[in-house]
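Everything below belongs to upload_1.csv, which stores CSV, C-alpha atoms.
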```csv
chain,number,residue,atom,x,y,z
A,1,MET,CA,74.4,106.0,113.4
A,2,THR,CA,75.2,103.6,116.2
A,3,LEU,CA,78.1,103.1,118.6
A,4,PHE,CA,79.7,100.6,116.2
A,5,ASP,CA,79.8,103.2,113.5
A,6,CYS,CA,82.0,105.4,115.6
A,7,SER,CA,85.8,105.2,116.2
A,8,PRO,CA,86.9,105.4,119.8
A,9,VAL,CA,88.8,108.2,121.5
A,10,SER,CA,92.4,107.0,122.1
A,11,ASP,CA,95.8,107.6,123.6
A,12,GLY,CA,98.6,106.8,121.3
A,13,ALA,CA,101.7,108.0,119.4
A,14,ALA,CA,103.5,107.2,116.2
A,15,MET,CA,106.7,108.3,114.5
A,16,VAL,CA,108.3,108.1,111.2
A,17,LEU,CA,111.8,109.2,110.2
A,18,LEU,CA,112.0,111.0,106.8
A,19,VAL,CA,115.3,111.7,105.0
A,20,SER,CA,116.3,113.0,101.6
A,21,GLU,CA,116.5,110.4,98.9
A,22,ASP,CA,120.3,110.7,98.5
A,23,LEU,CA,120.8,109.9,102.2
A,24,ALA,CA,118.3,107.1,102.4
A,25,LYS,CA,120.8,104.2,102.0
A,26,ALA,CA,122.9,105.6,104.8
A,27,PHE,CA,120.0,105.2,107.1
A,28,SER,CA,118.5,102.0,105.9
A,29,ASP,CA,119.1,99.1,103.5
A,30,SER,CA,115.4,99.1,102.6
A,31,PRO,CA,114.1,102.6,102.5
A,32,LEU,CA,110.6,103.4,101.2
A,33,TYR,CA,110.2,106.3,98.8
A,34,LEU,CA,107.3,108.8,98.9
A,35,ILE,CA,106.1,108.8,95.4
A,36,GLY,CA,103.0,110.9,95.6
A,37,SER,CA,101.4,113.4,97.9
A,38,GLY,CA,98.5,115.8,97.8
A,39,GLN,CA,96.5,117.9,100.1
A,40,ALA,CA,93.2,119.8,100.0
A,41,SER,CA,90.9,121.1,102.7
A,42,ASP,CA,87.1,121.5,102.8
A,43,GLY,CA,85.3,124.3,104.6
A,44,ALA,CA,82.3,124.0,106.9
A,45,LEU,CA,79.6,121.5,106.0
A,46,PRO,CA,77.0,124.1,104.8
A,47,GLU,CA,79.6,125.5,102.4
A,48,ARG,CA,80.3,122.2,100.6
A,49,GLU,CA,78.9,121.3,97.2
A,50,THR,CA,78.0,117.8,98.3
A,51,LEU,CA,77.4,115.9,101.5
A,52,SER,CA,77.7,112.5,100.1
A,53,GLY,CA,81.5,112.7,99.4
A,54,ILE,CA,84.5,114.6,100.6
A,55,PRO,CA,85.6,117.0,97.8
A,56,ALA,CA,89.0,117.6,99.5
A,57,ALA,CA,89.8,113.9,99.5
A,58,GLU,CA,89.0,113.6,95.8
A,59,LYS,CA,91.3,116.6,95.0
A,60,ALA,CA,94.1,115.4,97.2
A,61,GLY,CA,93.9,112.0,95.7
A,62,LYS,CA,94.1,113.4,92.1
A,63,GLN,CA,97.2,115.4,93.1
A,64,ALA,CA,98.9,112.3,94.6
A,65,TYR,CA,98.0,110.0,91.6
A,66,GLU,CA,99.3,112.6,89.2
A,67,MET,CA,102.6,113.0,91.1
A,68,ALA,CA,103.1,109.3,91.3
A,69,GLY,CA,101.9,108.6,87.8
A,70,LEU,CA,99.5,106.0,89.1
A,71,THR,CA,95.8,105.3,88.8
A,72,PRO,CA,93.4,104.0,91.5
A,73,ASP,CA,93.7,100.5,90.1
A,74,ASP,CA,97.4,100.5,90.7
A,75,ILE,CA,96.9,100.8,94.5
A,76,ASP,CA,97.2,97.6,96.3
A,77,LEU,CA,96.4,98.8,99.8
A,78,ALA,CA,94.7,102.0,101.2
A,79,GLU,CA,94.5,103.3,104.7
A,80,VAL,CA,91.7,105.9,104.8
A,81,HIS,CA,90.1,108.1,107.4
A,82,ASP,CA,87.3,106.0,109.0
A,83,CYS,CA,86.4,108.2,112.0
A,84,PHE,CA,82.8,106.9,111.2
A,85,THR,CA,82.0,104.0,108.9
A,86,ILE,CA,80.4,106.3,106.3
A,87,ALA,CA,83.7,108.1,106.0
A,88,GLU,CA,85.5,105.0,104.7
A,89,ILE,CA,82.7,104.3,102.1
A,90,MET,CA,82.9,107.9,100.9
A,91,ALA,CA,86.7,107.8,100.8
A,92,SER,CA,86.6,104.6,98.7
A,93,GLU,CA,84.7,106.6,96.1
A,94,ASP,CA,86.6,109.9,96.5
A,95,LEU,CA,89.9,108.1,95.8
A,96,GLY,CA,88.5,106.4,92.7
A,97,PHE,CA,88.4,102.8,93.8
A,98,PHE,CA,84.7,102.6,93.1
A,99,PRO,CA,82.3,104.8,91.1
A,100,ARG,CA,80.1,107.3,92.9
A,101,GLY,CA,77.3,105.6,94.8
A,102,GLU,CA,78.9,102.1,94.5
A,103,GLY,CA,81.2,102.2,97.6
A,104,TRP,CA,78.5,100.8,99.9
A,105,LYS,CA,77.9,97.9,97.6
A,106,ALA,CA,81.7,97.2,97.4
A,107,ALA,CA,81.8,97.2,101.2
A,108,MET,CA,79.0,94.7,101.4
A,109,GLU,CA,80.5,92.5,98.7
A,110,GLY,CA,83.8,92.2,100.6
A,111,LYS,CA,85.8,94.1,97.9
A,112,THR,CA,87.6,96.1,100.6
A,113,ALA,CA,88.5,93.1,102.8
A,114,ARG,CA,92.1,92.0,103.2
A,115,ASP,CA,91.6,89.5,100.3
A,116,GLY,CA,89.3,91.8,98.3
A,117,GLU,CA,90.2,93.7,95.1
A,118,HIS,CA,90.8,97.0,97.0
A,119,PRO,CA,91.8,96.2,100.6
A,120,ILE,CA,91.1,99.2,102.9
A,121,ASN,CA,92.2,99.8,106.5
A,122,THR,CA,94.0,96.4,107.0
A,123,SER,CA,95.4,97.9,110.3
A,124,GLY,CA,91.9,98.1,111.7
A,125,GLY,CA,91.5,101.7,110.8
A,126,LEU,CA,90.5,104.4,113.3
A,127,LYS,CA,87.6,102.2,114.0
A,128,ALA,CA,89.5,99.3,115.7
A,129,ARG,CA,93.2,100.4,115.8
A,130,GLY,CA,92.3,103.7,117.5
A,131,THR,CA,92.1,107.3,116.4
A,132,ARG,CA,95.0,108.7,114.3
A,133,TRP,CA,98.1,107.6,112.7
A,134,VAL,CA,98.0,104.5,110.6
A,135,LEU,CA,101.1,104.8,108.5
A,136,PRO,CA,103.6,103.0,110.7
A,137,VAL,CA,101.5,99.9,110.9
A,138,TRP,CA,101.6,99.1,107.3
A,139,LEU,CA,105.2,100.3,107.0
A,140,ARG,CA,106.0,97.5,109.3
A,141,TRP,CA,104.2,95.1,107.0
A,142,LEU,CA,106.1,96.5,104.0
A,143,ARG,CA,109.2,95.8,105.9
A,144,SER,CA,108.3,92.3,106.6
A,145,GLY,CA,108.6,91.3,103.0
A,146,ASN,CA,105.4,92.3,101.2
A,147,SER,CA,105.8,94.4,98.1
A,148,PHE,CA,103.0,96.7,97.2
A,149,THR,CA,102.0,100.2,96.6
A,150,GLY,CA,100.3,101.8,99.5
A,151,LEU,CA,98.3,104.9,100.0
A,152,ARG,CA,97.2,106.8,103.0
A,153,VAL,CA,94.6,109.5,103.3
A,154,SER,CA,93.2,111.4,106.2
A,155,ASP,CA,90.4,113.8,105.1
A,156,SER,CA,92.7,116.2,103.4
A,157,CYS,CA,96.1,114.7,102.9
A,158,LEU,CA,97.5,111.7,101.1
A,159,ILE,CA,100.8,110.1,100.6
A,160,THR,CA,101.7,107.1,98.4
A,161,PRO,CA,104.9,105.3,99.3
A,162,GLN,CA,106.0,102.4,97.3
A,163,SER,CA,108.4,99.7,98.4
A,164,ALA,CA,111.9,100.1,97.0
B,1,MET,CA,98.1,124.3,91.7
B,2,SER,CA,100.5,121.9,93.3
B,3,LYS,CA,103.5,120.9,91.3
B,4,SER,CA,103.7,117.2,90.5
B,5,LYS,CA,107.4,117.0,91.0
B,6,TRP,CA,109.5,117.8,94.1
B,7,SER,CA,113.0,119.1,93.6
B,8,ARG,CA,114.4,116.2,95.5
B,9,GLY,CA,113.0,112.9,96.6
B,10,VAL,CA,112.1,111.9,100.2
B,11,ALA,CA,112.4,108.4,101.8
B,12,VAL,CA,111.0,106.8,104.9
B,13,VAL,CA,113.7,105.0,106.8
B,14,GLY,CA,112.0,104.1,110.1
B,15,ALA,CA,108.6,103.9,111.6
B,16,GLY,CA,107.2,103.1,115.0
B,17,MET,CA,104.1,103.4,117.1
B,18,SER,CA,103.0,102.9,120.7
B,19,LYS,CA,100.2,100.6,121.7
B,20,PHE,CA,96.9,102.4,121.2
B,21,GLY,CA,94.2,102.5,123.9
B,22,ALA,CA,93.0,104.3,127.0
B,23,PHE,CA,96.0,104.6,129.4
B,24,PRO,CA,95.1,106.6,132.6
B,25,ASP,CA,98.5,105.6,134.1
B,26,LYS,CA,100.6,106.8,131.1
B,27,THR,CA,101.5,110.3,130.1
B,28,SER,CA,101.7,111.3,126.4
B,29,ARG,CA,105.5,111.6,126.9
B,30,ASP,CA,105.5,107.9,127.8
B,31,LEU,CA,103.7,107.2,124.6
B,32,ALA,CA,106.1,109.3,122.5
B,33,VAL,CA,109.0,107.5,124.0
B,34,GLU,CA,107.4,104.2,123.3
B,35,ALA,CA,106.9,105.2,119.6
B,36,PHE,CA,110.4,106.5,119.3
B,37,LYS,CA,111.9,103.3,120.7
B,38,ASP,CA,109.7,101.3,118.3
B,39,LEU,CA,110.9,103.5,115.4
B,40,LYS,CA,114.6,102.9,116.3
B,41,LYS,CA,113.9,99.1,116.6
B,42,SER,CA,112.4,99.2,113.1
B,43,MET,CA,115.6,100.5,111.5
B,44,ASP,CA,118.1,98.1,110.0
B,45,LYS,CA,121.0,100.5,110.8
B,46,PRO,CA,121.5,102.2,114.1
B,47,LEU,CA,120.2,105.8,114.3
B,48,ASP,CA,122.4,108.6,115.6
B,49,PRO,CA,119.9,111.1,117.0
B,50,LYS,CA,122.4,113.9,116.4
B,51,LYS,CA,121.6,113.5,112.7
B,52,ILE,CA,118.0,114.7,113.2
B,53,ASP,CA,117.6,118.2,111.9
B,54,ALA,CA,114.0,118.9,113.0
B,55,PHE,CA,111.0,117.5,114.8
B,56,TYR,CA,107.5,118.0,113.4
B,57,LEU,CA,104.6,117.0,115.6
B,58,GLY,CA,101.2,116.3,114.3
B,59,ASN,CA,98.8,117.0,117.1
B,60,PHE,CA,95.3,118.3,117.2
B,61,SER,CA,94.9,119.7,120.6
B,62,SER,CA,97.3,118.9,123.5
B,63,ASP,CA,96.4,122.3,124.8
B,64,GLN,CA,92.7,121.2,125.3
B,65,PHE,CA,93.3,117.5,126.1
B,66,GLU,CA,96.3,117.9,128.4
B,67,LYS,CA,96.5,121.7,129.0
B,68,GLN,CA,99.9,121.6,127.4
B,69,ALA,CA,100.5,123.8,124.4
B,70,HIS,CA,103.8,124.3,122.6
B,71,PHE,CA,104.2,120.6,122.9
B,72,ALA,CA,106.7,119.9,120.0
B,73,PRO,CA,109.7,121.6,121.7
B,74,ILE,CA,108.8,120.0,125.1
B,75,LEU,CA,108.7,116.5,123.5
B,76,ALA,CA,111.9,117.1,121.4
B,77,SER,CA,113.6,118.0,124.7
B,78,TRP,CA,112.2,114.9,126.4
B,79,LEU,CA,113.5,112.8,123.6
B,80,GLY,CA,117.0,114.4,124.0
B,81,LEU,CA,116.9,116.2,120.6
B,82,SER,CA,117.0,119.9,121.7
B,83,PRO,CA,117.7,122.5,120.6
B,84,ILE,CA,116.7,121.3,117.0
B,85,SER,CA,113.8,123.1,115.3
B,86,ALA,CA,110.6,121.7,116.7
B,87,LEU,CA,107.0,122.7,115.7
B,88,ARG,CA,103.5,121.5,115.9
B,89,VAL,CA,101.3,120.9,112.9
B,90,GLU,CA,97.5,121.2,113.6
B,91,ASP,CA,95.0,120.3,110.9
B,92,ALA,CA,92.3,118.5,112.9
B,93,CYS,CA,92.2,114.8,112.2
B,94,ALA,CA,94.6,115.2,109.4
B,95,SER,CA,97.3,116.7,111.7
B,96,GLY,CA,99.6,113.6,111.5
B,97,ALA,CA,99.3,113.2,107.8
B,98,VAL,CA,99.8,116.9,107.1
B,99,ALA,CA,102.9,116.9,109.5
B,100,ILE,CA,104.4,114.1,107.3
B,101,ARG,CA,103.7,116.1,104.2
B,102,GLN,CA,105.1,119.4,105.6
B,103,ALA,CA,108.2,117.5,106.7
B,104,ALA,CA,108.6,115.9,103.2
B,105,LEU,CA,108.2,119.4,101.6
B,106,ALA,CA,110.9,120.8,103.9
B,107,ILE,CA,113.3,118.0,102.9
B,108,ALA,CA,112.4,118.4,99.2
B,109,SER,CA,113.1,122.1,99.5
B,110,GLY,CA,116.7,121.3,100.6
B,111,GLU,CA,116.4,123.1,103.9
B,112,TYR,CA,116.6,119.9,106.0
B,113,ASP,CA,117.9,116.4,105.4
B,114,VAL,CA,116.5,114.4,108.3
B,115,ILE,CA,113.2,115.1,110.1
B,116,LEU,CA,111.5,113.1,112.8
B,117,VAL,CA,107.8,113.3,112.4
B,118,GLY,CA,105.6,112.4,115.4
B,119,GLY,CA,101.8,112.1,115.8
B,120,LEU,CA,100.4,112.0,119.2
B,121,GLU,CA,97.1,112.4,121.0
B,122,LYS,CA,96.1,111.8,124.6
B,123,MET,CA,92.3,112.1,124.5
B,124,THR,CA,91.0,109.9,127.3
B,125,ASP,CA,91.9,112.0,130.4
B,126,LEU,CA,88.8,114.2,129.9
B,127,GLN,CA,85.1,113.4,130.4
B,128,ILE,CA,83.1,112.5,127.3
B,129,ALA,CA,81.3,115.9,127.2
B,130,GLU,CA,84.7,117.7,127.4
B,131,ILE,CA,86.1,115.5,124.7
B,132,THR,CA,83.1,116.2,122.5
B,133,GLU,CA,83.5,119.9,123.1
B,134,ALA,CA,87.3,119.8,122.4
B,135,LEU,CA,86.8,117.9,119.1
B,136,GLY,CA,84.0,120.3,118.2
B,137,THR,CA,86.5,123.1,118.0
B,138,ALA,CA,87.7,121.6,114.7
B,139,ALA,CA,84.3,122.6,113.2
B,140,ASP,CA,83.0,126.1,112.6
B,141,THR,CA,82.3,127.3,116.1
B,142,GLN,CA,80.5,130.4,114.9
B,143,PHE,CA,77.9,128.6,112.7
B,144,GLU,CA,78.0,124.8,113.0
B,145,ILE,CA,78.5,124.2,116.7
B,146,PRO,CA,75.8,126.7,117.9
B,147,ALA,CA,73.4,124.9,115.5
B,148,GLY,CA,73.9,121.8,117.7
B,149,PHE,CA,76.3,119.8,115.6
B,150,THR,CA,78.9,117.4,117.1
B,151,PHE,CA,81.2,115.2,115.0
B,152,PRO,CA,78.9,112.2,115.2
B,153,GLY,CA,76.2,114.6,114.0
B,154,PHE,CA,78.2,115.8,111.0
B,155,TYR,CA,78.9,112.2,109.8
B,156,ALA,CA,75.3,111.2,110.5
B,157,ALA,CA,74.2,114.0,108.2
B,158,MET,CA,76.6,112.8,105.5
B,159,ALA,CA,75.4,109.2,106.0
B,160,THR,CA,71.8,110.3,105.7
B,161,ALA,CA,72.6,112.3,102.5
B,162,TYR,CA,74.5,109.3,101.1
B,163,MET,CA,71.7,106.9,101.8
B,164,HIS,CA,69.2,109.3,100.3
B,165,GLU,CA,71.3,109.9,97.2
B,166,TYR,CA,72.3,106.3,96.4
B,167,GLY,CA,69.7,104.2,98.2
B,168,ALA,CA,72.5,102.6,100.3
B,169,ASP,CA,71.7,99.8,102.7
B,170,ARG,CA,72.5,100.7,106.3
B,171,ASN,CA,74.0,97.3,106.7
B,172,ALA,CA,76.9,98.4,104.5
B,173,PHE,CA,78.1,100.7,107.3
B,174,PHE,CA,78.1,97.8,109.7
B,175,ASP,CA,80.0,95.7,107.3
B,176,VAL,CA,82.8,98.3,107.4
B,177,ALA,CA,82.9,98.1,111.2
B,178,ILE,CA,82.9,94.2,111.1
B,179,LYS,CA,85.8,94.3,108.6
B,180,ASN,CA,87.9,96.8,110.4
B,181,HIS,CA,87.5,95.1,113.8
B,182,LYS,CA,88.4,91.8,112.1
B,183,ASN,CA,91.6,93.5,110.8
B,184,GLY,CA,92.2,95.2,114.2
B,185,ALA,CA,92.1,91.8,115.8
B,186,LEU,CA,95.3,91.0,113.9
B,187,ASN,CA,97.1,94.2,114.9
B,188,ASP,CA,98.9,93.9,118.3
B,189,LYS,CA,99.1,97.7,118.6
B,190,ALA,CA,95.4,98.2,118.0
B,191,GLN,CA,93.1,99.6,120.7
B,192,PHE,CA,90.6,96.8,120.1
B,193,GLU,CA,92.4,93.6,119.3
B,194,GLN,CA,89.0,92.0,119.0
B,195,THR,CA,86.4,91.2,116.5
B,196,ILE,CA,82.9,92.8,117.1
B,197,GLU,CA,81.6,89.3,117.9
B,198,GLN,CA,84.3,88.9,120.7
B,199,ILE,CA,83.4,92.4,122.0
B,200,MET,CA,79.7,91.5,122.2
B,201,GLU,CA,80.4,88.2,123.8
B,202,ALA,CA,82.6,89.9,126.5
B,203,LYS,CA,79.8,92.5,127.1
B,204,LYS,CA,77.3,89.7,127.5
B,205,ALA,CA,79.6,87.9,130.0
B,206,ARG,CA,80.0,91.1,132.0
B,207,ALA,CA,76.2,91.6,132.1
B,208,VAL,CA,75.7,88.0,133.3
B,209,LYS,CA,78.3,88.5,136.0
B,210,LYS,CA,76.6,91.6,137.2
B,211,GLY,CA,73.4,89.6,137.5
B,212,ARG,CA,71.5,91.6,134.8
B,213,ARG,CA,68.3,89.8,134.0
B,214,ASN,CA,68.3,90.4,130.2
B,215,PRO,CA,71.9,90.3,128.9
B,216,PRO,CA,72.2,91.2,125.3
B,217,GLY,CA,71.6,88.3,123.0
B,218,LYS,CA,74.1,86.6,120.7
B,219,PRO,CA,74.9,89.2,118.1
B,220,THR,CA,73.8,88.5,114.6
B,221,LEU,CA,76.5,89.7,112.2
B,222,SER,CA,74.8,90.3,108.9
B,223,SER,CA,77.4,89.8,106.2
B,224,SER,CA,76.4,89.8,102.6
B,225,ARG,CA,78.8,87.1,101.5
B,226,THR,CA,80.7,84.2,103.0
B,227,ARG,CA,84.1,85.5,103.6
B,228,LYS,CA,87.2,83.5,102.8
B,229,ALA,CA,89.7,82.7,105.5
B,230,ILE,CA,91.6,85.8,106.5
B,231,PRO,CA,95.4,85.4,106.2
B,232,THR,CA,97.4,86.4,109.2
B,233,SER,CA,99.5,89.5,109.0
B,234,PRO,CA,103.0,88.6,107.7
B,235,GLY,CA,104.4,90.8,110.4
B,236,ARG,CA,103.2,88.5,113.2
```
Would you put the structure from the file into structure tokens?
Amino acid sequence: MTLFDCSPVSDGAAMVLLVSEDLAKAFSDSPLYLIGSGQASDGALPERETLSGIPAAEKAGKQAYEMAGLTPDDIDLAEVHDCFTIAEIMASEDLGFFPRGEGWKAAMEGKTARDGEHPINTSGGLKARGTRWVLPVWLRWLRSGNSFTGLRVSDSCLITPQSA
Amino acid sequence: MSKSKWSRGVAVVGAGMSKFGAFPDKTSRDLAVEAFKDLKKSMDKPLDPKKIDAFYLGNFSSDQFEKQAHFAPILASWLGLSPISALRVEDACASGAVAIRQAALAIASGEYDVILVGGLEKMTDLQIAEITEALGTAADTQFEIPAGFTFPGFYAAMATAYMHEYGADRNAFFDVAIKNHKNGALNDKAQFEQTIEQIMEAKKARAVKKGRRNPPGKPTLSSSRTRKAIPTSPGR
């Protein structure tokens, strides 16, 4: 791995305000609803059954898809954990956007670019935006008129809001 | 097994973030205030802070990075929210996302109606070796760290396994970096609002200015396809 495979260390903060569904309209005319969430955690590297994927991300993704009643092909935008470039490629497979072993080809073919079939990390990801907390970035984009289903994952947790 | 339905739904009604980067002249409290102000600005109805029931802070290690533990109540007080319930959620790099999920579950349970969720890290005040050591505490410090692993080492091991298993071209990794920097260049809150090409050109210019004999050459950005024009973010 080289310098450009690594995300930087950063200073930064982000915040979101969550409210119960029944109160949403009292706080905003255009609330976003969380429609799916999941979480799983892997142990130490030697304990994992594979090194070429993140089992926890796959499990968390399945939970969130099931809760939302969606499939990977329904997702219009994903923000995934790209602390190192390989992490984004593995996540693109763990979350079912591409078959196992195909994520690297998809990256080379531009399928994860902003105009690709599965846009990933349009905020710049940890790689360019800075370490941690992506959600608010694309919430801002949602607010500016786009309508899509989004999905966020960070190693072990995933949330899928959808524009109202 | 997780249940696929929550007992009541949860909505996001505001979101904000500070500029990301390395800020030696700012405290993490400054960054939290910046994010909170940005959140309030994002809302289409004015926020009455008295309606906030709890503050959940996703933070990996303020105690190591800033020698400040118990940071959630300190920040809640700084934001004028005390004495609401305030707690820190630590789950390594997933701390922020897990804090959102825990807050959502607390609302779904009926215990709280309104929760402010923050995510914050101030990592750049330490030296690189200290940062590496602090991040390393997210790994297994009994078995992995004594074996010589650091986080770049972990992911290099995964990258090696992935390339071995699937015959991946190493250039695919660089394509991810090129794409994310291209996207980051459109994000005014990003640490690097620059493409890799711009970063390399700036590096070269600095080297020339310092009178280095062999400045790095023009970068060749291998990309396996001719990309279409990138649309500008609708938010800008």
- Message: So, with all atoms listed in the file as the atoms that count, which of B:Glu121, B:Asp63, B:Glu130, B:Asp48 lies closest to chain A?
- Response: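 Closest to chain A of all the choices is B:Glu121.
Proximity ranking of A:Ala91, A:Ala60, A:Leu3, A:Met67 relative to chain B places A:Met67 first, based on all atoms listed in the file.
In terms of minimum interatomic distance to Glu93 in chain A, A:Ile54 ranks closest within A:Ala128, A:Ile35, A:Ile54, A:Ile75, counting all atoms listed in the file.
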- Query: Of the candidates B:Ile84, B:Ala35, B:Ala147, B:Ile178, which shows the shortest atom-to-atom distance to chain A, using all atoms listed in the file?
  - Reply: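 Closest to chain A of all the choices is B:Ala35.
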- Atom-to-atom span, CA of Glu102 in chain A and CA of Ser37 in chain A, Å: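 Here the two named atoms are 25.4 Å from each other.
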- Item | d(CA of Gln63 in chain A, CA of Ala40 in chain A) in Å | 9.1 Å
- Counting only C-alpha atoms, which of B:Gly110, B:Pro49, B:Gly80, B:Gly119 gets nearest to Asp11 in chain A? B:Gly119
- Note on the structure: Taken to one decimal, the CA of Lys122 in chain B-CA of Cys6 in chain A distance is 17.9 Å
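Closest approach to Ala156 in chain B from the set A:Thr71, A:Pro119, A:Ser10, A:Ala87 is made by A:Ala87, with distances taken over all atoms listed in the file.
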- Message: Neighbouring residues of Val19 in chain A were defined as those with any atom within 6 Å, considering only C-alpha atoms; residues of the same chain fewer than 5 positions away were excluded. Please report them as a PyMOL selection string.
- Response: chain B and resi 10-11+113-114
Keeping C-alpha atoms for every residue in the selection just given, could you write it to a file as a PDB file, keeping the file's coordinate frame?
```pdb
ATOM      1  CA  VAL B  10     112.100 111.900 100.200  1.00  0.00           C
ATOM      2  CA  ALA B  11     112.400 108.400 101.800  1.00  0.00           C
ATOM      3  CA  ASP B 113     117.900 116.400 105.400  1.00  0.00           C
ATOM      4  CA  VAL B 114     116.500 114.400 108.300  1.00  0.00           C
TER       5      VAL B 114
END
```
- Task: Mind checking which residues fall within 12 Å of Phe143 in chain B, counting only C-alpha atoms, ignoring those fewer than 2 positions away in the same chain, and posting them as a VMD selection string?
- Result: (chain A and resid 43 to 47) or (chain B and resid 136 to 137 139 to 141 145 to 149)
- Task: May I have the residues within 7 Å of range 40-47 of chain B as JSON, numbers by chain, using all atoms listed in the file and disregarding those fewer than 5 positions away in the same chain?
- Result: {"A": [27, 28, 29], "B": [13, 14, 15, 16]}
- Task: Considering all atoms listed in the file, return as a list in words whatever protein or nucleic-acid residues lie within 10 Å of Arg170 in chain B, sequence-local ones (same chain, fewer than 3 positions apart) excluded.
- Result: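 Counting only the stated atoms, we get Met1, Ile86 and Trp104 of chain A; Ala159, Thr160, Met163, Gly167, Phe173, Phe174 and Asp175 of chain B.
Residues within 8 Å of Val89 in chain B, counting all atoms listed in the file and excluding same-chain residues fewer than 5 positions away, are Tyr56, Leu57, Gly58, Asn59, Phe60, Ser95, Gly96, Val98 and Ala99 of chain B.
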